[in-house]
Amino acid sequence: MLLKTQLQHWVSEIVHLIYEKSIEPQSISVEYTNPDHPGDFTVILFPFLKLKIGNPQEIGNTIGNYLIEKKEIFESFEIIKGFLNLTLKTNYWLNFLQNLSPDTIQAQEKQTIMIEYSSPNTNKPLHLGHLRNIFLGDSVSRIYDFLGHQVIKACLVNDRGIHICKSMLAWKLYGNGETPQSTKIKGDHFVGKYYVEFEKHFQKEYQEWQQSSNAEAIFLQAATKNPNLEKQAFFKEYKDQYFNLYSELGKQARELLQKWEQNDPETIQLWKMMNQWVYEGFEQTYKRLHIHFDKFYYESQTYLLGKEWVLKGLEKGVFYQKPDGSIWINLTSEGLDHKVVLRSDGTSVYVTQDIGTAYLKAHEYNMHRSVYVIGNEQDYHMKVLISICKKLGIPHADGMYHLSYGMVELPTGKMKSREGTVVDADDLVQEMYDIAKDTSEELGKTEGLPADELHNLYETLGLGALKYFLLKIEPTKKILFDPKESINFTGNTAPFIQYTYARIQSLLSKADSMNIQWKNFADITSLHSTEKALCVQLSKWENTVFLSAEQYNPSIIANYALELAQFYGTFYQNHKILADDNPKKDFQLFLSYQVARTLKTALNLLGIGVINRM
RNA sequence: GCGUCCGUAGCUCAAUUGGAUAGAGCAUUUGACUUCGGAUCAAACGGUUGAGGGUUCGAAUCCUUCCGGACGCACCA
């Protein structure tokens, strides 16, 4: 049991014993003592006022004296303004440090948890927004896996729909048969190029159409309802309708989608070929990011399944049908709205395929929880999906959870693939590598390392900086990324933590070469404030991991690691550990060793590697 | 218009989930390597926590009303 909870129980017992009042242990406020005051743990005495058993000073004295007398771990106490500050004996911390095992924490109840993330479209390469999604999902997976749960990392590939057909059509029209091989362009970028190409031609076609008499008539009709309507603004809004009603390219793209749904062999072949190019590109990117999935789902394989569930739900009365044949659900009792689940022409919509996928997942894996890492723009959609799944009685629907996160924005606003205003994932990773290389060479501390180790070093530093940049911020908040200011390598960054780790490794190996036996350190009588700060921080580790798992929030671990590294920096500066006349040498080395272990574990849970020399 | 999320130092973020004098990094200014790694450390500067009201021993945190921002409210995905 954590000392904090232990203390709650003790205080509860004391109150019961001495004052004959009962108070729930959980309701007793116990905190880590604020560093400005002496002590390790603080019991807040104000809540006892309600029990009418005396003033805070008296109660504090009683509790403090009792604890000192009966529990051997306490050394002293002090009461300041209703706060009972308890100081632990040095011995307690020495024992704690000796037994600390930061890399083996286990959850009490083991579960099977599926975590779906990345979820790319197959018509364009990955960008910075995907990276946040991927790193979040990967980190949460690592955290649950670390705690002993069985984790299934799933990736849902959005491989069908009109957007894919746009790329396909553009390739047919303007591609002249070129391929990633012939152009030496990475497959996903190659296909993305044609997606942008489609958009360019479509825009041109749209511009020309706006000069036509037909367009003029449509605008004039709209203007009769709204005399202030400006032509430019109107056509900006009208784009989607133009695509659906008048566009030649739009018509061809829709025809392609229909052919695809009818299993036209030529179309299917083209679709498979282009998807394959994209998958090969993704594969390279995932590999470089050290991302691996246990299971892939493809929407092309689940959307029909969703349809079956909708028809089943209609029979059961979960859904209702409108005269035009479309099928709906009424979610007003959940505070949501009515929602279409099947079009009047019988084709599936967005939620339909998600229902299918949810069922397939539950059918294939007997899991307790199913986590979806998806941006907050889909908060409403996910609420709808989860309530539908519950109403349909899809297994484990109660365990569905939407891990929602904020967008990554540029100073110019939101990233848009169609308009080419995105930060490409591959480019950014390479840029981080280059910065790591330049910085490293400038500092000149890695001379003599072989080429493959250097490559590994730059990769670990560059990727680490990038992952930490995206993970240190709470998922719900949006992130602003300014491409002009590259991601830092000093201060609140992964390289800073990696540097602290490397420094400790170098210290320990030097100690080893001096034949210092630090693994069994001799007892010492008192702790320096910097040593105490490290012990306290280390004692918070276990709870930090549980908290970040519970909240699906890696930023808690990121902030923890940063603080630990900062405390170590202060400690390091205050002591000449390896000096001949240092009586605490072995203790301080062991403390350093435990800090390094914890840092390594923490970074690992974020998907960030450590380095022995940098 | 309705719904969800957000607003903390010039900038980017914290704050032990209601606790003590709101803390870090960046930027600016200053100091620290003949001894364990300067991608570091120490210090200065910087705040009416968007504004008002409420709840209580105690509020950045909970409630409420405004102000400002993002996203959603498609037979698009």
# chains A, B, ... in the order shown; residues from 1 in each chain; ligands from 1
>>> residues_around(residues="B:C45", least_positions_apart="5", cutoff="12 Å", atoms="only C-alpha atoms (C1' of nucleotides)", output="tab-separated table (two decimals) with N, CA, C and O atoms (P, O5', C5', C4', C3', O3' and C1' of nucleotides), in the first residue's frame")
chain	number	residue	atom	x	y	z
B	9	A	P	-0.67	34.27	-18.99
B	9	A	O5'	0.64	34.64	-18.14
B	9	A	C5'	0.67	35.84	-17.37
B	9	A	C4'	2.06	36.45	-17.38
B	9	A	C3'	2.78	36.39	-18.72
B	9	A	O3'	3.51	37.59	-18.93
B	9	A	C1'	4.10	35.34	-17.07
B	10	G	P	2.84	38.83	-19.65
B	10	G	O5'	3.40	38.71	-21.13
B	10	G	C5'	2.87	39.51	-22.18
B	10	G	C4'	3.64	39.20	-23.44
B	10	G	C3'	3.59	37.74	-23.87
B	10	G	O3'	2.48	37.49	-24.72
B	10	G	C1'	5.84	38.46	-23.77
B	27	A	P	16.47	30.70	-25.40
B	27	A	O5'	15.73	32.12	-25.46
B	27	A	C5'	15.16	32.59	-26.67
B	27	A	C4'	14.47	33.90	-26.44
B	27	A	C3'	15.29	34.97	-25.73
B	27	A	O3'	16.16	35.65	-26.62
B	27	A	C1'	13.17	34.83	-24.73
B	28	U	P	17.63	36.02	-26.11
B	28	U	O5'	17.37	37.16	-25.02
B	28	U	C5'	16.82	38.41	-25.42
B	28	U	C4'	16.64	39.31	-24.22
B	28	U	C3'	17.85	39.45	-23.31
B	28	U	O3'	18.81	40.37	-23.81
B	28	U	C1'	15.92	39.09	-21.99
B	29	U	P	20.37	40.06	-23.56
B	29	U	O5'	20.55	40.35	-22.00
B	29	U	C5'	20.43	41.67	-21.49
B	29	U	C4'	20.56	41.66	-19.98
B	29	U	C3'	21.78	40.97	-19.42
B	29	U	O3'	22.96	41.75	-19.50
B	29	U	C1'	19.88	40.31	-18.19
B	30	U	P	24.37	40.99	-19.64
B	30	U	O5'	24.55	40.28	-18.23
B	30	U	C5'	24.89	41.06	-17.08
B	30	U	C4'	24.90	40.21	-15.83
B	30	U	C3'	25.92	39.07	-15.77
B	30	U	O3'	27.24	39.52	-15.52
B	30	U	C1'	23.85	38.35	-14.88
>>> residues_around(residues="stretch 70-83 of chain A", least_positions_apart="5", cutoff="7 Å", atoms="only C-alpha atoms (C1' of nucleotides)", output="count of residues only")
12
>>> residues_around(residues="B:U8", least_positions_apart="6", cutoff="12 Å", atoms="only C-alpha atoms (C1' of nucleotides)", output="PyMOL selection string")
chain B and resi 14-15+22-23+47+49-50+60-61
>>> closest_atom_pairs(of="chain B", to="stretch 374-383 of chain A", cutoff="10 Å", atoms="only C-alpha atoms (C1' of nucleotides)", output="tab-separated table")
residue	atom	partner	partner_atom	distance
B:G3	C1'	A:Tyr380	CA	8.8
B:U4	C1'	A:Asp379	CA	7.4
B:C5	C1'	A:Asn376	CA	8.2
B:A70	C1'	A:Glu377	CA	9.6
B:C71	C1'	A:Glu377	CA	5.3
B:G72	C1'	A:Glu377	CA	6.3
B:C73	C1'	A:Tyr380	CA	8.6
>>> select_by_dssp(residues="stretch 123-292 of chain A", states="strand (DSSP E or B)", output="ChimeraX atom specification")
/A:127,150-158
>>> write_last_selection(atoms="N, CA and C atoms", output="compact mmCIF listing (two decimals), in the first residue's frame")
# COMPACT_ATOMS: atom_id res chain seq x y z
N HIS A 127 0.77 13.22 -41.84
CA HIS A 127 1.29 14.55 -41.48
C HIS A 127 1.40 14.68 -39.96
N GLN A 150 -3.11 -7.04 -21.27
CA GLN A 150 -2.89 -7.53 -22.62
C GLN A 150 -3.41 -6.48 -23.59
N VAL A 151 -2.51 -5.94 -24.38
CA VAL A 151 -2.86 -4.83 -25.26
C VAL A 151 -2.86 -5.28 -26.72
N ILE A 152 -3.92 -4.92 -27.42
CA ILE A 152 -3.96 -5.18 -28.87
C ILE A 152 -3.91 -3.83 -29.57
N LYS A 153 -2.84 -3.61 -30.31
CA LYS A 153 -2.70 -2.33 -31.01
C LYS A 153 -3.31 -2.47 -32.40
N ALA A 154 -4.37 -1.70 -32.62
CA ALA A 154 -5.12 -1.86 -33.86
C ALA A 154 -5.06 -0.60 -34.71
N CYS A 155 -5.09 -0.82 -36.02
CA CYS A 155 -5.07 0.30 -36.95
C CYS A 155 -6.22 0.11 -37.93
N LEU A 156 -7.09 1.10 -37.99
CA LEU A 156 -8.23 1.01 -38.91
C LEU A 156 -7.89 1.82 -40.16
N VAL A 157 -7.82 1.14 -41.27
CA VAL A 157 -7.43 1.82 -42.50
C VAL A 157 -8.67 2.26 -43.27
N ASN A 158 -8.72 3.53 -43.53
CA ASN A 158 -9.84 4.12 -44.25
C ASN A 158 -9.55 4.02 -45.74
>>> interface_residues(of="chain B", to="chain A", cutoff="8 Å", atoms="only C-alpha atoms (C1' of nucleotides)", output="list in words")
U4, C5, C6, C13, A14, U16, G19, A20, A24, G25, C26, U35, C36, G37, A39, U40, C41, C57, C71, G72, C75 and A77 of chain B
>>> residues_around(residues="B:C66", least_positions_apart="3", cutoff="12 Å", atoms="only C-alpha atoms (C1' of nucleotides)", output="PyMOL selection string")
chain B and resi 50-53
